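Working notes for the structure below.
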Amino acid sequence: MQISMKCSVAVHCLIFIHEAKGIAKVTSNLLAESTGCNPVVIRNILSALKKANLITVPRGTGGAELCASPSQITLYQIYSALEPDGMTSLIGIHPCQGRPCPVAQNIQTVLQTPYHKIEDSIKETMETITLQSMIDDFHRLVQCDNPD
């Protein structure tokens with residue numbers, strides 16, 4: 001079970017976009033340099049975030065900006081923008097129906113309820129974590145590194 005790295009890269013990009021506001025024009029190349037990812041990967045992530053109305057990106061010129069206050073953007077919204085199958089892709093059940101084994105014939109049904117409970121719990125937790133809380137954590141870490 002794993003949340004794809006796209007989600008962490010997206011959070012990285014969103015924090016960068018927030019921090020760069022009024023300082024630098026945020027482009028996919030700048031984000032690629034910061035994240036260490038290929039600019040094409042960054043453009044795909046930005047496209048998904050834009051489609052979810054989390055950011056705006058002027059065509060051709062770059063300069064990504066947040067569409068909402070960081071306190072109104074949740075980790076679940078970010079995750080959902082990048083993972084079209086959502087939580088159902090988080091925990092997989094191996095396909096084995098049609099096999100003569102009674103366990104194989106029923107395992108999907110047996111696991112369905114507990115897996116849905118886990119998925120719901122993860123979703124609820126992700127909905128309580130905002131981009132602002134992650135930005136606040138970032139600021140605390142930067143301050144600890146540079147106590148002046």
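A note on labels: chains of the structure tokens are A, B, ... as shown, every chain counts residues from 1, and ligands are counted from 1 in their shown order.
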
Next on the checklist: List the spatial neighbours of Lys123 in chain A as a list in words - criterion: any atom at most 10 Å away, only C-alpha atoms, same-chain residues fewer than 5 positions off excluded.
Outcome noted: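 The filter keeps Leu75, Tyr76, Gln77, Tyr79, Ser80, Gly86, Met87, Lys117, Ile118 and Thr128 of chain A.
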
Filtering to N, CA and C atoms, could you give me those residues as a PDB file, in the first residue's frame?
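Okay, this is what ended up in out_32.pdb:
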```pdb
ATOM      1  N   LEU A  75      -4.969  17.865   1.717  1.00  0.00           N
ATOM      2  CA  LEU A  75      -4.108  16.828   1.152  1.00  0.00           C
ATOM      3  C   LEU A  75      -4.948  15.846   0.335  1.00  0.00           C
ATOM      4  N   TYR A  76      -6.183  15.610   0.755  1.00  0.00           N
ATOM      5  CA  TYR A  76      -7.045  14.711  -0.013  1.00  0.00           C
ATOM      6  C   TYR A  76      -7.381  15.294  -1.383  1.00  0.00           C
ATOM      7  N   GLN A  77      -7.606  16.597  -1.459  1.00  0.00           N
ATOM      8  CA  GLN A  77      -7.875  17.227  -2.761  1.00  0.00           C
ATOM      9  C   GLN A  77      -6.668  17.070  -3.683  1.00  0.00           C
ATOM     10  N   TYR A  79      -4.286  14.731  -3.485  1.00  0.00           N
ATOM     11  CA  TYR A  79      -4.196  13.317  -3.830  1.00  0.00           C
ATOM     12  C   TYR A  79      -5.224  12.953  -4.902  1.00  0.00           C
ATOM     13  N   SER A  80      -6.461  13.405  -4.715  1.00  0.00           N
ATOM     14  CA  SER A  80      -7.536  13.074  -5.662  1.00  0.00           C
ATOM     15  C   SER A  80      -7.272  13.643  -7.051  1.00  0.00           C
ATOM     16  N   GLY A  86      -8.656   7.256  -7.016  1.00  0.00           N
ATOM     17  CA  GLY A  86      -8.798   7.601  -5.607  1.00  0.00           C
ATOM     18  C   GLY A  86      -8.360   6.502  -4.679  1.00  0.00           C
ATOM     19  N   MET A  87      -9.068   6.401  -3.585  1.00  0.00           N
ATOM     20  CA  MET A  87      -8.698   5.446  -2.540  1.00  0.00           C
ATOM     21  C   MET A  87      -8.813   3.995  -2.988  1.00  0.00           C
ATOM     22  N   LYS A 117     -13.184   0.478   5.262  1.00  0.00           N
ATOM     23  CA  LYS A 117     -12.986   1.183   6.543  1.00  0.00           C
ATOM     24  C   LYS A 117     -11.616   1.855   6.570  1.00  0.00           C
ATOM     25  N   ILE A 118     -10.600   1.144   6.102  1.00  0.00           N
ATOM     26  CA  ILE A 118      -9.241   1.703   6.061  1.00  0.00           C
ATOM     27  C   ILE A 118      -9.197   2.889   5.105  1.00  0.00           C
ATOM     28  N   THR A 128      -8.222  16.396   6.831  1.00  0.00           N
ATOM     29  CA  THR A 128      -7.921  17.308   7.945  1.00  0.00           C
ATOM     30  C   THR A 128      -6.567  17.992   7.793  1.00  0.00           C
TER      31      THR A 128
END
```

Item to check | Selection: 9 Å around range 131-144 of chain A, only C-alpha atoms, excl. self and same-chain fewer than 6 positions, as a PyMOL selection string | outcome: chain A and resi 11+14-15+18-19+69-75+78

Since we have the selection now, will you write its residues out, keeping N, CA and C atoms, as a PDB file, in the first residue's frame?
```pdb
ATOM      1  N   VAL A  11       2.703  18.272  -3.620  1.00  0.00           N
ATOM      2  CA  VAL A  11       2.774  19.104  -2.410  1.00  0.00           C
ATOM      3  C   VAL A  11       4.013  19.995  -2.471  1.00  0.00           C
ATOM      4  N   LEU A  14       3.238  22.798  -4.822  1.00  0.00           N
ATOM      5  CA  LEU A  14       2.283  23.752  -4.269  1.00  0.00           C
ATOM      6  C   LEU A  14       2.924  24.645  -3.208  1.00  0.00           C
ATOM      7  N   ILE A  15       3.758  24.066  -2.364  1.00  0.00           N
ATOM      8  CA  ILE A  15       4.463  24.886  -1.371  1.00  0.00           C
ATOM      9  C   ILE A  15       5.400  25.856  -2.080  1.00  0.00           C
ATOM     10  N   HIS A  18       3.409  28.667  -3.566  1.00  0.00           N
ATOM     11  CA  HIS A  18       2.996  29.594  -2.509  1.00  0.00           C
ATOM     12  C   HIS A  18       4.157  30.484  -2.068  1.00  0.00           C
ATOM     13  N   GLU A  19       5.305  29.891  -1.838  1.00  0.00           N
ATOM     14  CA  GLU A  19       6.465  30.633  -1.334  1.00  0.00           C
ATOM     15  C   GLU A  19       7.026  31.604  -2.367  1.00  0.00           C
ATOM     16  N   SER A  69      -6.983  29.734  -0.993  1.00  0.00           N
ATOM     17  CA  SER A  69      -6.108  29.897   0.164  1.00  0.00           C
ATOM     18  C   SER A  69      -5.540  28.526   0.545  1.00  0.00           C
ATOM     19  N   PRO A  70      -4.275  28.457   0.950  1.00  0.00           N
ATOM     20  CA  PRO A  70      -3.699  27.172   1.354  1.00  0.00           C
ATOM     21  C   PRO A  70      -4.483  26.493   2.483  1.00  0.00           C
ATOM     22  N   SER A  71      -5.191  27.287   3.283  1.00  0.00           N
ATOM     23  CA  SER A  71      -5.981  26.705   4.377  1.00  0.00           C
ATOM     24  C   SER A  71      -7.229  26.005   3.858  1.00  0.00           C
ATOM     25  N   GLN A  72      -7.563  26.221   2.593  1.00  0.00           N
ATOM     26  CA  GLN A  72      -8.746  25.595   2.015  1.00  0.00           C
ATOM     27  C   GLN A  72      -8.406  24.438   1.075  1.00  0.00           C
ATOM     28  N   ILE A  73      -7.126  24.169   0.885  1.00  0.00           N
ATOM     29  CA  ILE A  73      -6.693  23.065   0.026  1.00  0.00           C
ATOM     30  C   ILE A  73      -6.252  21.926   0.930  1.00  0.00           C
ATOM     31  N   THR A  74      -6.900  20.782   0.788  1.00  0.00           N
ATOM     32  CA  THR A  74      -6.556  19.643   1.646  1.00  0.00           C
ATOM     33  C   THR A  74      -5.635  18.660   0.915  1.00  0.00           C
ATOM     34  N   LEU A  75      -4.969  17.865   1.717  1.00  0.00           N
ATOM     35  CA  LEU A  75      -4.108  16.828   1.152  1.00  0.00           C
ATOM     36  C   LEU A  75      -4.948  15.846   0.335  1.00  0.00           C
ATOM     37  N   ILE A  78      -5.480  17.253  -3.123  1.00  0.00           N
ATOM     38  CA  ILE A  78      -4.252  17.113  -3.912  1.00  0.00           C
ATOM     39  C   ILE A  78      -4.125  15.679  -4.405  1.00  0.00           C
TER      40      ILE A  78
END
```

Next on the checklist: I need the residues in chain A that are strand (DSSP E or B) according to DSSP; give them as a PyMOL selection string.
Outcome noted: chain A and resi 55-56+65-66+74+130

Could the residues in this selection be written to a file with N, CA and C atoms, as an mmCIF file, in the first residue's frame?
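result.cif was written with the following content:
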```cif
data_model
loop_
_atom_site.group_PDB
_atom_site.id
_atom_site.type_symbol
_atom_site.label_atom_id
_atom_site.label_comp_id
_atom_site.auth_asym_id
_atom_site.auth_seq_id
_atom_site.Cartn_x
_atom_site.Cartn_y
_atom_site.Cartn_z
ATOM 1 N N ILE A 55 -4.805 25.115 -8.958
ATOM 2 C CA ILE A 55 -3.884 26.144 -9.437
ATOM 3 C C ILE A 55 -4.379 26.703 -10.765
ATOM 4 N N THR A 56 -3.826 27.860 -11.120
ATOM 5 C CA THR A 56 -4.000 28.398 -12.462
ATOM 6 C C THR A 56 -2.619 28.488 -13.080
ATOM 7 N N GLU A 65 -0.109 29.762 -10.065
ATOM 8 C CA GLU A 65 -0.589 30.368 -8.821
ATOM 9 C C GLU A 65 -1.670 29.483 -8.220
ATOM 10 N N LEU A 66 -1.806 29.545 -6.900
ATOM 11 C CA LEU A 66 -2.860 28.815 -6.211
ATOM 12 C C LEU A 66 -4.215 29.451 -6.516
ATOM 13 N N THR A 74 -6.900 20.782 0.788
ATOM 14 C CA THR A 74 -6.556 19.643 1.646
ATOM 15 C C THR A 74 -5.635 18.660 0.915
ATOM 16 N N THR A 130 -4.189 20.341 5.773
ATOM 17 C CA THR A 130 -4.288 21.376 4.740
ATOM 18 C C THR A 130 -2.907 21.726 4.198
#
```

Next on the checklist: Which of range 3-145 of chain A end up as alpha helix (DSSP H) when DSSP is run on this backbone - answer as an NGL selection string?
Outcome noted: :A and (5-20 or 28-35 or 39-51 or 75-82 or 102-128 or 131-145)

Checklist entry - What lies within 7 Å of range 81-85 of chain A using only C-alpha atoms, ignoring chain neighbours under 6 positions off, as a PyMOL selection string? => result chain A and resi 6-7+45+48-49+52

For the selection just defined, write its residues with C-alpha atoms to a file, as a tab-separated table (two decimals), in the first residue's frame.
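Below is the file selection_8.tsv, written as the result:
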```tsv
chain	number	residue	atom	x	y	z
A	6	LYS	CA	3.21	12.16	-7.50
A	7	CYS	CA	1.35	13.36	-4.41
A	45	ILE	CA	1.25	17.10	-12.27
A	48	ALA	CA	-3.83	17.57	-12.99
A	49	LEU	CA	-3.74	20.26	-10.30
A	52	ALA	CA	-8.84	20.07	-10.20
```

Next on the checklist: So the first atom is CA of Gly22 in chain A and the second is CA of Gly63 in chain A; what is the distance between them in Å, to one decimal place?
Outcome noted: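 Value for the CA of Gly22 in chain A-CA of Gly63 in chain A distance: 10.2 Å.
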
Checklist entry - How many Å separate CA of Gly98 in chain A from CA of Thr113 in chain A? => result 20.7 Å

Checklist entry - CA of Val40 in chain A and CA of Asn53 in chain A are how many Å apart? => result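 For CA of Val40 in chain A relative to CA of Asn53 in chain A, the distance reads 19.8 Å.
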
Checklist entry - Excluding same-chain residues fewer than 6 positions from Val26 in chain A, what lies within 7 Å of it counting only C-alpha atoms, as an MDAnalysis selection string? => result chainID A and resid 17 62:64

Resulting file, chosen residues, C-alpha atoms, as a PDB file, in the first residue's frame:
```
ATOM      1  CA  ILE A  17       4.250  28.086  -5.763  1.00  0.00           C
ATOM      2  CA  GLY A  62       3.964  29.913 -17.024  1.00  0.00           C
ATOM      3  CA  GLY A  63       3.598  31.551 -13.650  1.00  0.00           C
ATOM      4  CA  ALA A  64       1.513  29.032 -11.697  1.00  0.00           C
TER       5      ALA A  64
END
```

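In this comparison, which uses only C-alpha atoms, the residue of A:Met5, A:Cys67, A:Met126, A:Ile91 approaching Cys37 in chain A most closely is A:Met5.
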
Checklist entry - Which is closer to Gln112 in chain A than all the others in A:Arg43, A:Lys50, A:His94, A:Lys21, using only C-alpha atoms? => result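 Closest residue, counting only C-alpha atoms: A:His94.
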
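Of the residues under consideration (A:Asp145, A:Ile93, A:Thr35, A:Arg99), A:Ile93 shows the shortest atom-to-atom contact distance to Tyr115 in chain A when counting only C-alpha atoms.
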